[in-house]
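First the structure, in the form of C-alpha cells, and then the observations on it.
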Amino acid sequence: MCLAIPGKLIKIDPTPDGVRMGSANFGGVVKQVCLEYTPEAVEGDYVLVHVGFAINIVDEAEAKRTFQLLEEMEQLDELNTPADNSEERNG
Amino acid sequence: MKKPPNKPEQRSNPGPFPSASCPLPISEHKEILLGHGSGGKLSHRLIEQLIIPQFANELLNPLHDGALIGIDNTRLAFSTDSFVVDPIFFPGGDIGRLAVHGTVNDIAMCGARPLYLSVAFILEEGLPMEDFRRVLESMREAAAEAGVRLVTGDTKVVDRGKADRMFINTSGIGLMIEGTDINPCSAQVGDRILISGPIATHGIAIMSVREGLEFETEITSDSAPLNGLVAAMLDVSHDIHVLRDPTRGGLTSALTEIAEKSGAGIRLEEHSIPIREEVKGACEILGLDPLHVANEGILTAIVAPEAADAVLAAMQAHPLGEQAAIIGEVVDTHPGMVTMKTHVGGTRVIDMLSGEQLPRIC
Amino acid sequence: MKFLDEYRDEALANKILSEIRKVVTRPWVLMEVCGGQTHSIVKYGIDRLLPKEVELVHGPGCPVCVTSLEMIDKAHAIARRGDVIFCSFGDMLRVPGTEADLFTLKSRGADVRIVYSPIDCLKIAQSNPEKKVVFFAIGFETTAPANAMLVWQARKMGLTNFYALISQVLVPPAMAAILGSPANRVQGFLGPGHVCAVMGYREYEPLCKRFNVPIVITGFEPLDILQGTLLALRQLEAGRAEVENQYSRVVRREGNEVALNLVNQVFEVCDPKWRGVGPIPQSGYQLRAEFHDFDAERIFEVSEIVRQESGACISGQILQGVKKPHDCPAFGKSCTPENPLGATMVSAEGACAAYYTHGRHLDP
C-alpha cells in the first residue's frame, strides 16, 4: 500500500489559516503538497509525498550512501553498464 | 503480395472469457456499466457477445478500425466513432477536434486516405451557444488541417441533464491506398512493433482537469490527424502489416487485440517505450499505469523486419513522428499474448483491464 | 525522475541478483507486507528473477482488501443518501459491498467524488454548506497523518457538515497474528517502507525478538525490493534475526515525530475486523472522544450488518501468506477483478488482483 512519490520542493507558501503548504515538482508535474509534517523542509529538498502530504524529507546523503553500496557490489559477469540510463530510456 | 491472415489460436489457458463462445450468459451484467465503454475487457465482451451476433458478416467481423469495402473496382474504408469526453474543452483540444481526428485516424489505420466526414451532434439543452460555436470552429480547422471535408450532418437537442453538454458522432470514408493490406490479423513472427510518439499524454491531459486531480503544470492533449504520417510511412514501404491508433484502453488494448487476432505473441521492451517526463510524473503520483491510459495523437505499426528501419526513419522525419521508436517485436513463444521485458529485466504479462483505470493511493 | 528511476536500473538489479544467488544455500519463505510492494514485484517480474529457493508470499498490506464488508456496506448506506457528498480515494470505488459498489451507486445518482488528497474534502464541505460531506478515511499508518490532519482542520475551521468514516488499520498486530498462526510459513519479512516512514520501526523490534524473524524495512522500487530481499536472506543464512533498515533514505527509527504527535491526538487504538481474517486486537484506529462529532459511523447511525463471505474465497489464507492466488480454484475463473469474490481480488493492490492484472492467470 502507500503510494508515495518523491518530489522536489520548489515553493513554500504560508496560507491565511496557517497550514503550511507548498508546491512540489514530480518529473515536471507540479502539485500542491501539505508541509505540516515536514516543518524543517526547505526549497530544494526532496520530499516523499503521499495523498498530497509530505510525510518525510528524502535524505540525499543516505540515498547516496546506500546507492554506492549497491554499485560496489561484486558482479559475477564482467558487464559494466553505466548506472544511470534514465535519460536514454525515457526520451 | 497479399499474405493470408494468421489463424487466431486458442491460448493454452484462455482465462474466463476466451472468445465469443464463452458459456457465461450475458445476463451476468443486467445493466450497461461505465466499464463497457472503457475499451477494456468489458467493452470487448459486449461487442463480441451482444453486438456481433446480431450483425455478423464478413465485412464487420474483422473488427478493424474501419470496414474495408469493395464496390466495383474501388476499395473504400468506412468508419464511425462517437465522442462523449468530459470536459468538452481541455488543454490541447476540445471534443470537436477529437471527433474529426478520431475518424480521420480510424480511416488512416485501414491504410486508406480519408476524404469525407459526416457529423451528428446531440446537444444538451442549456449548452451555451458560444461553446457550440467554438467546437464548430475547432472542427472546421481540424478538418482543413487533415485535408478532409465535412459533407453531411445532423443535429439533435435533448433535455437538460441527458447529454454531458454534447455528444458527437463522426463517420468517414476514404480510398484505400493501392498495394496495401493492413489489418489486425496480419502480424507475423519477426515483425517489429513501432510507435510514433510518447504514450499516455491525452489521457493524462483529460484526467488532469478533472476535479481534485488538477496539476499546476498544464499537460496538453496530443490529439492530431495521423493520415499524413501514415501516407509518409506507406510511401516508403508497403510491408506494414498492422496499423492501430491506441485510444481508450491504451497501448495495452490495441496490442492485446492484435496479438489475439493475429494469433502471434508480442514482446515489448519497457525502456524503449517513449513517455513524456511530466506524463510519467503524473502517472506516478496518481498510481496509474501509462500502458492503460488513453492516447490520441499516436499510432503503432507492425512492420516486416526488413522494412522497420526505413519506416522508422520516415516517421522520425515527419513532425508527428519525431519521437518514433521501435518498442518490441512479434514472437512465436506465446501466441495471442503480450509480454514486456521490464526495466529490471523481469517479464510481465500485459493484459487489458476490465474497466476504466482509477487513481489509487495504495 | 530522481529517487525513482535510478532504483529501476537493470545492471544494478543483476548485481543484487548475483549476490542473492551466492548467498542462498537452501529454501526460504519471505513475506512482503505491503500491497504496493506486491504490486511492484509482480509488475517488474521480480519474483521470477529470484532463485527458486526464495519464495515470496504476499502479506495483508492492502487497506482496501482488509476493510470489512460491514464497513463497506456502511459506506454505501451513507453514500446513497440524497443529502450526502461521499468522497473517497479511487481505490475504494469498485470494492463491492453486499450489493453494488460506489461506482455503481454513482451511476445511479449518488454524489460520489474521487479525491487525491483528504484535505480536498474541506473545500468541498465549505462550498456545499447544505450537504453533508463524508470522507472514507481508509489506510494503514501511512495515511493516518493525512486523515488525522483532515479531522483536525475540520474542527479548527468549525465545519458542521463534515464527517469521516474511519477504517484505519495497523501493520504490527497483523504481522503478529500471521506469525502466531500455527499454519505460518513465513521466515522473514520485507517490512512496510512507507508505514515506517511515518511510524519508525521501534515497534518491530519486539516482534523480531519474540518470533525470531528478520524484518528488513524495505522500499518499493525494484532495487529496494531486491536489496531488502538480499539483506533478509543474509540474516536467515547467518541465523540472525534483527530489524534492518533498507529504506534509510526515508525511514528513521523514530519515524516522523510531528506526524505521530497529531495522529495520537486525533486517533486512539481499537479492535477492528479484518476482511478475510477476522478481528485482530489493537489493530486499528478510531477517533478520540473529542472528535466524535466528526465520526460518520456514529452520526449516521448505520446499523451493524453481519455478512457471510463467499465460501469459494480463500482470501484469508492468501492474506496470511499460507496460499497463493493460483491455489484458489476460483482465481481467474469465477473470481476476477470484474467479479471479485473476496478481499484480495477487490483492490488493485490485493495479491489476487495484482496477479490477475499482470496476467498471471494467463501464464503460458
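Naming scheme: A, B, ... for chains in displayed order of the C-alpha cells; residues 1 onward per chain; ligands 1 onward as shown.
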Closest contacts (chain B/chain A, max 8 Å, only C-alpha atoms) as a tab-separated table:
residue	atom	partner	partner_atom	distance
B:Glu214	CA	A:Lys31	CA	7.8
B:Phe215	CA	A:Lys31	CA	5.2
B:Glu216	CA	A:Val30	CA	5.2
B:Thr217	CA	A:Val29	CA	5.4
B:His271	CA	A:Arg89	CA	5.0
B:Ser272	CA	A:Arg89	CA	6.0
B:Ile273	CA	A:Asn90	CA	7.4
B:Pro274	CA	A:Asn90	CA	5.6
B:Ile275	CA	A:Asn90	CA	6.0
B:Arg276	CA	A:Gly91	CA	7.1
B:Glu277	CA	A:Gly27	CA	5.6
B:Glu278	CA	A:Gly28	CA	4.5
B:Val279	CA	A:Val29	CA	7.6
B:Lys280	CA	A:Gly27	CA	7.3
B:Gly281	CA	A:Gly27	CA	4.9
B:Ala282	CA	A:Val29	CA	6.2
B:Glu284	CA	A:Ile5	CA	7.0
B:Ile285	CA	A:Ile5	CA	6.3
B:Gly287	CA	A:Leu3	CA	7.0
B:Gln323	CA	A:Gly91	CA	7.7
B:Arg360	CA	A:Leu3	CA	7.8
B:Ile361	CA	A:Leu3	CA	5.2
B:Cys362	CA	A:Met1	CA	3.9
Those of stretch 51-197 of chain B in DSSP strand (DSSP E), formatted as a short mmCIF file (atom, residue, chain, number, x, y, z; two decimals) with C-alpha atoms, in the first residue's frame:
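Output contents, as saved in out35.cif:
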data_model
loop_
_atom_site.label_atom_id
_atom_site.label_comp_id
_atom_site.auth_asym_id
_atom_site.auth_seq_id
_atom_site.Cartn_x
_atom_site.Cartn_y
_atom_site.Cartn_z
CA ALA B 67 -14.62 -1.65 -42.66
CA LEU B 68 -12.91 -2.34 -45.97
CA ILE B 69 -15.46 -2.30 -48.73
CA GLY B 70 -15.07 -3.11 -52.39
CA ILE B 71 -17.56 -1.55 -54.81
CA THR B 74 -12.96 0.84 -55.92
CA ARG B 75 -11.78 -0.10 -52.44
CA LEU B 76 -13.11 2.10 -49.67
CA ALA B 77 -12.63 2.28 -45.95
CA PHE B 78 -15.64 3.29 -43.85
CA SER B 79 -15.55 4.09 -40.15
CA THR B 80 -17.53 5.70 -37.34
CA ASP B 81 -16.73 6.99 -33.87
CA SER B 82 -18.59 8.78 -31.10
CA PHE B 83 -17.20 11.28 -28.65
CA PHE B 89 -12.70 21.80 -23.61
CA PHE B 90 -9.35 20.59 -22.30
CA GLY B 93 -8.11 20.50 -27.71
CA ASP B 94 -11.80 20.01 -27.45
CA ALA B 112 -6.77 4.47 -46.63
CA ARG B 113 -6.77 8.18 -47.47
CA PRO B 114 -9.62 9.82 -45.54
CA LEU B 115 -11.76 12.06 -47.75
CA TYR B 116 -15.23 12.84 -46.40
CA LEU B 117 -16.78 13.03 -42.94
CA SER B 118 -20.30 13.24 -41.61
CA VAL B 119 -21.04 14.71 -38.20
CA ALA B 120 -24.01 14.24 -35.90
CA PHE B 121 -24.47 16.38 -32.80
CA ILE B 122 -26.53 15.57 -29.74
CA LEU B 123 -26.69 18.79 -27.76
CA GLU B 124 -27.85 19.24 -24.21
CA ARG B 149 -14.35 17.72 -45.96
CA LEU B 150 -17.44 17.62 -43.79
CA VAL B 151 -20.21 16.84 -46.26
CA THR B 152 -23.30 15.88 -44.28
CA GLY B 153 -24.60 16.09 -40.75
CA ASP B 154 -27.40 16.14 -38.24
CA THR B 155 -28.25 17.98 -35.02
CA LYS B 156 -30.49 16.89 -32.18
CA VAL B 157 -31.19 18.50 -28.80
CA VAL B 158 -32.07 16.58 -25.64
CA MET B 166 -22.71 17.49 -26.09
CA PHE B 167 -22.06 14.17 -27.75
CA ILE B 168 -20.63 13.99 -31.26
CA ASN B 169 -20.55 11.18 -33.77
CA THR B 170 -18.39 11.36 -36.88
CA SER B 171 -18.33 8.85 -39.70
CA GLY B 172 -15.98 8.86 -42.62
CA ILE B 173 -14.99 7.28 -45.90
CA GLY B 174 -11.61 7.05 -47.53
CA LEU B 175 -9.93 5.48 -50.52
CA MET B 176 -7.66 2.51 -49.88
CA ARG B 192 8.85 -5.14 -35.38
CA ILE B 193 6.46 -3.04 -33.29
CA LEU B 194 6.86 0.69 -33.87
CA ILE B 195 5.25 3.59 -32.07
#
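One distance worth recording is that between atom CA of C:Leu260 and atom CA of C:Asp293, which is 22.2 Å.
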Report task. With a distance cut-off of 12 Å and only C-alpha atoms, select the neighbouring residues of C:Met31, excluding the residue or stretch itself and same-chain residues fewer than 6 positions from it, and output the selection as a count of residues only. Result -> 43
Requested in this report: Please identify every residue of chain C that has at least one atom no more than 7 Å from any atom of chain A, counting only C-alpha atoms, and report them as a count of residues only.
Outcome: 28
Report task. Rounded to one decimal place, report the atom CA of B:Ile182-atom CA of B:Val242 distance in Å. Result ->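 For atom CA of B:Ile182 relative to atom CA of B:Val242, the distance reads 5.1 Å.
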Given a cut-off of 9 Å, which residues of chain C touch chain B, counting only C-alpha atoms, written out as a short mmCIF file (atom, residue, chain, number, x, y, z; two decimals) with N, CA and C atoms, in the first residue's frame?
data_model
loop_
_atom_site.label_atom_id
_atom_site.label_comp_id
_atom_site.auth_asym_id
_atom_site.auth_seq_id
_atom_site.Cartn_x
_atom_site.Cartn_y
_atom_site.Cartn_z
N MET C 1 12.97 10.62 -13.31
CA MET C 1 12.57 11.21 -12.03
C MET C 1 13.54 10.79 -10.94
N ARG C 8 15.45 1.61 -10.64
CA ARG C 8 14.87 0.66 -11.60
C ARG C 8 15.95 0.22 -12.59
N ASP C 9 17.18 0.32 -12.19
CA ASP C 9 18.30 0.08 -13.10
C ASP C 9 18.58 -1.42 -13.26
N GLU C 10 18.62 -1.87 -14.50
CA GLU C 10 18.78 -3.31 -14.75
C GLU C 10 20.14 -3.84 -14.34
N ALA C 11 21.18 -3.08 -14.63
CA ALA C 11 22.53 -3.57 -14.31
C ALA C 11 22.68 -3.77 -12.81
N LEU C 12 22.19 -2.82 -12.04
CA LEU C 12 22.29 -2.95 -10.58
C LEU C 12 21.40 -4.07 -10.08
N ALA C 13 20.25 -4.23 -10.70
CA ALA C 13 19.36 -5.33 -10.31
C ALA C 13 20.09 -6.66 -10.49
N ASN C 14 20.78 -6.77 -11.62
CA ASN C 14 21.52 -8.01 -11.87
C ASN C 14 22.61 -8.26 -10.86
N CYS C 34 3.49 -5.04 2.33
CA CYS C 34 2.68 -4.03 1.65
C CYS C 34 2.13 -4.44 0.31
N GLY C 35 0.90 -4.08 0.06
CA GLY C 35 0.30 -4.28 -1.26
C GLY C 35 1.09 -3.57 -2.35
N GLY C 36 1.65 -2.42 -2.03
CA GLY C 36 2.45 -1.68 -3.01
C GLY C 36 3.71 -2.44 -3.38
N VAL C 42 5.19 -7.96 -8.83
CA VAL C 42 4.51 -8.58 -9.97
C VAL C 42 4.72 -7.74 -11.22
N LYS C 43 4.66 -6.42 -11.06
CA LYS C 43 4.79 -5.52 -12.21
C LYS C 43 6.16 -5.65 -12.88
N TYR C 44 7.21 -5.79 -12.09
CA TYR C 44 8.54 -5.87 -12.68
C TYR C 44 9.01 -7.31 -12.87
N GLY C 45 8.18 -8.26 -12.46
CA GLY C 45 8.54 -9.67 -12.61
C GLY C 45 9.69 -10.08 -11.70
N ILE C 46 9.78 -9.44 -10.53
CA ILE C 46 10.92 -9.67 -9.64
C ILE C 46 10.92 -11.07 -9.06
N ASP C 47 9.76 -11.57 -8.67
CA ASP C 47 9.76 -12.90 -8.05
C ASP C 47 10.29 -13.96 -8.99
N ARG C 48 10.09 -13.75 -10.28
CA ARG C 48 10.56 -14.73 -11.24
C ARG C 48 12.05 -14.60 -11.55
N LEU C 49 12.64 -13.48 -11.11
CA LEU C 49 14.09 -13.31 -11.31
C LEU C 49 14.86 -13.94 -10.16
N CYS C 62 -2.91 -4.33 2.42
CA CYS C 62 -3.77 -3.67 1.45
C CYS C 62 -5.01 -3.22 2.20
N PRO C 63 -5.06 -1.95 2.61
CA PRO C 63 -6.16 -1.50 3.46
C PRO C 63 -7.51 -1.63 2.78
N VAL C 64 -7.51 -1.61 1.46
CA VAL C 64 -8.76 -1.77 0.72
C VAL C 64 -9.27 -3.19 0.87
N PHE C 89 -10.96 7.89 -1.90
CA PHE C 89 -9.84 7.60 -2.80
C PHE C 89 -10.36 6.69 -3.90
N GLY C 90 -9.70 6.74 -5.06
CA GLY C 90 -10.12 5.93 -6.20
C GLY C 90 -10.18 4.44 -5.87
N ASP C 91 -9.26 3.98 -5.02
CA ASP C 91 -9.15 2.55 -4.70
C ASP C 91 -10.46 1.92 -4.24
N MET C 92 -11.29 2.72 -3.54
CA MET C 92 -12.48 2.13 -2.92
C MET C 92 -13.67 2.07 -3.86
N LEU C 93 -13.55 2.71 -5.02
CA LEU C 93 -14.73 2.87 -5.87
C LEU C 93 -15.33 1.56 -6.36
N PHE C 103 -19.01 2.97 -7.43
CA PHE C 103 -19.06 3.36 -8.83
C PHE C 103 -20.49 3.22 -9.36
N THR C 104 -21.08 2.09 -9.04
CA THR C 104 -22.46 1.83 -9.47
C THR C 104 -23.42 2.80 -8.79
N SER C 107 -23.38 5.91 -10.59
CA SER C 107 -24.13 5.90 -11.85
C SER C 107 -25.64 5.92 -11.60
N ARG C 113 -17.50 11.31 -5.11
CA ARG C 113 -16.39 12.02 -5.76
C ARG C 113 -15.05 11.40 -5.37
N ILE C 114 -14.20 11.26 -6.39
CA ILE C 114 -12.84 10.78 -6.12
C ILE C 114 -12.00 11.98 -5.69
N VAL C 115 -11.23 11.80 -4.62
CA VAL C 115 -10.27 12.83 -4.23
C VAL C 115 -8.87 12.26 -4.24
N TYR C 116 -7.90 13.12 -4.50
CA TYR C 116 -6.50 12.68 -4.44
C TYR C 116 -5.98 12.84 -3.01
N SER C 117 -6.34 13.94 -2.37
CA SER C 117 -5.88 14.18 -1.01
C SER C 117 -7.09 14.39 -0.10
N ASP C 120 -8.78 17.83 0.25
CA ASP C 120 -9.68 18.33 -0.80
C ASP C 120 -11.11 18.37 -0.29
N GLY C 139 -6.92 3.33 5.29
CA GLY C 139 -5.47 3.32 5.15
C GLY C 139 -4.76 2.59 6.27
N THR C 143 -1.27 6.59 5.91
CA THR C 143 -2.33 7.54 5.58
C THR C 143 -2.91 8.20 6.84
N PRO C 222 12.10 -1.57 -7.59
CA PRO C 222 12.71 -2.89 -7.78
C PRO C 222 14.04 -3.07 -7.04
N LEU C 223 14.92 -2.08 -7.09
CA LEU C 223 16.20 -2.24 -6.40
C LEU C 223 16.01 -2.30 -4.89
N GLY C 332 -9.25 -16.23 -11.37
CA GLY C 332 -9.24 -16.05 -12.82
C GLY C 332 -10.43 -16.69 -13.50
N LYS C 333 -11.22 -17.45 -12.78
CA LYS C 333 -12.39 -18.07 -13.39
C LYS C 333 -13.64 -17.39 -12.88
N SER C 334 -14.21 -17.88 -11.76
CA SER C 334 -15.39 -17.18 -11.25
C SER C 334 -15.01 -15.94 -10.46
N THR C 336 -12.73 -12.69 -10.62
CA THR C 336 -11.90 -11.81 -11.44
C THR C 336 -12.09 -10.39 -10.91
N PRO C 337 -11.27 -9.44 -11.35
CA PRO C 337 -11.48 -8.08 -10.85
C PRO C 337 -12.88 -7.53 -11.16
N GLU C 338 -13.48 -8.00 -12.27
CA GLU C 338 -14.83 -7.52 -12.57
C GLU C 338 -15.85 -8.16 -11.67
N ALA C 348 -6.93 -3.17 -6.38
CA ALA C 348 -5.81 -3.29 -7.32
C ALA C 348 -4.55 -3.76 -6.63
N GLU C 349 -4.46 -3.55 -5.31
CA GLU C 349 -3.26 -3.93 -4.57
C GLU C 349 -3.33 -5.33 -3.99
N TYR C 356 -3.64 -11.00 -11.28
CA TYR C 356 -4.54 -11.02 -12.44
C TYR C 356 -4.21 -9.90 -13.40
N THR C 357 -4.03 -8.69 -12.86
CA THR C 357 -3.75 -7.54 -13.72
C THR C 357 -2.44 -7.71 -14.47
N HIS C 358 -1.50 -8.40 -13.83
CA HIS C 358 -0.23 -8.62 -14.53
C HIS C 358 -0.21 -9.97 -15.21
N GLY C 359 -1.40 -10.45 -15.48
CA GLY C 359 -1.56 -11.57 -16.41
C GLY C 359 -1.15 -12.93 -15.91
N ARG C 360 -1.01 -13.09 -14.58
CA ARG C 360 -0.54 -14.39 -14.11
C ARG C 360 -1.53 -15.51 -14.39
N HIS C 361 -2.81 -15.15 -14.58
CA HIS C 361 -3.79 -16.19 -14.89
C HIS C 361 -3.62 -16.67 -16.31
N LEU C 362 -2.81 -15.93 -17.09
CA LEU C 362 -2.60 -16.31 -18.47
C LEU C 362 -1.27 -17.02 -18.65
N ASP C 363 -0.61 -17.36 -17.55
CA ASP C 363 0.72 -17.97 -17.63
C ASP C 363 0.79 -19.04 -18.70
N PRO C 364 1.73 -18.83 -19.67
CA PRO C 364 1.82 -19.79 -20.77
C PRO C 364 2.33 -21.14 -20.30
#
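If you look at atom CA of B:Ile107 and atom CA of B:Ala325, they are 22.8 Å away from each other.
By chain and then residue number, the residues within 10 Å of B:Ala301 are Met109, Ile182, Ala187, Asp191, Arg192, Ile193, Leu194, Ile195, Ser196, Val230, Met233, Ile240, His241, Val242, Leu243, Arg244, Asp245, Ala308, Val311, Leu312 and Ile326 of chain B, counting only C-alpha atoms and disregarding those fewer than 4 positions away in sequence.
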Using only C-alpha atoms, please write the residues we just selected to a file, as a short mmCIF file (atom, residue, chain, number, x, y, z; two decimals), in the first residue's frame.
data_model
loop_
_atom_site.label_atom_id
_atom_site.label_comp_id
_atom_site.auth_asym_id
_atom_site.auth_seq_id
_atom_site.Cartn_x
_atom_site.Cartn_y
_atom_site.Cartn_z
CA MET B 109 -5.32 2.93 -39.82
CA ILE B 182 -3.35 -3.68 -43.43
CA ALA B 187 1.15 -9.53 -37.60
CA ASP B 191 7.78 -8.19 -37.32
CA ARG B 192 8.85 -5.14 -35.38
CA ILE B 193 6.46 -3.04 -33.29
CA LEU B 194 6.86 0.69 -33.87
CA ILE B 195 5.25 3.59 -32.07
CA SER B 196 5.05 7.13 -33.40
CA VAL B 230 0.54 7.14 -42.45
CA MET B 233 5.10 5.61 -43.99
CA ILE B 240 3.36 -2.54 -42.97
CA HIS B 241 1.12 -5.31 -41.70
CA VAL B 242 -0.88 -3.62 -38.96
CA LEU B 243 -1.69 -0.05 -38.01
CA ARG B 244 -3.60 0.91 -34.93
CA ASP B 245 -4.12 4.11 -33.00
CA ALA B 308 11.38 -1.45 -40.00
CA VAL B 311 9.64 3.11 -41.86
CA LEU B 312 11.06 4.36 -38.58
CA ILE B 326 10.86 0.50 -32.06
#
Query - Selection near C:Pro279, 12 Å with only C-alpha atoms, sequence-local residues under 2 positions removed, as a ChimeraX atom specification - result: /C:66-68,169,173-174,177,270-277,281-284,316
Please produce a file of those selected residues containing C-alpha atoms, as a compact mmCIF listing (two decimals), in the first residue's frame.
# COMPACT_ATOMS: atom_id res chain seq x y z
CA VAL C 66 -8.93 -5.79 4.55
CA THR C 67 -11.71 -3.26 5.15
CA SER C 68 -14.58 -5.34 6.48
CA VAL C 169 -5.58 -0.46 10.30
CA PRO C 173 -0.64 -6.57 15.06
CA ALA C 174 -1.33 -8.14 11.66
CA ALA C 177 -1.31 -12.57 14.01
CA CYS C 270 -9.24 -0.06 18.65
CA ASP C 271 -10.10 -3.65 17.62
CA PRO C 272 -11.38 -3.73 14.03
CA LYS C 273 -12.46 -6.72 11.99
CA TRP C 274 -10.18 -7.55 9.06
CA ARG C 275 -11.92 -8.86 5.98
CA GLY C 276 -10.92 -12.44 5.35
CA VAL C 277 -9.05 -12.68 8.65
CA PRO C 281 -6.97 -6.88 18.82
CA GLN C 282 -5.48 -3.38 18.96
CA SER C 283 -5.04 -3.35 15.20
CA GLY C 284 -6.82 -0.17 14.14
CA GLY C 316 -7.88 -15.14 4.47
**Report entry** Per-residue DSSP, stretch 121-305 of chain B, filtered to helix (DSSP H, G or I), as a ChimeraX atom specification
**Finding:** /B:129-146,201-207,227-236,250-262,270-272,277-286,290-292,305
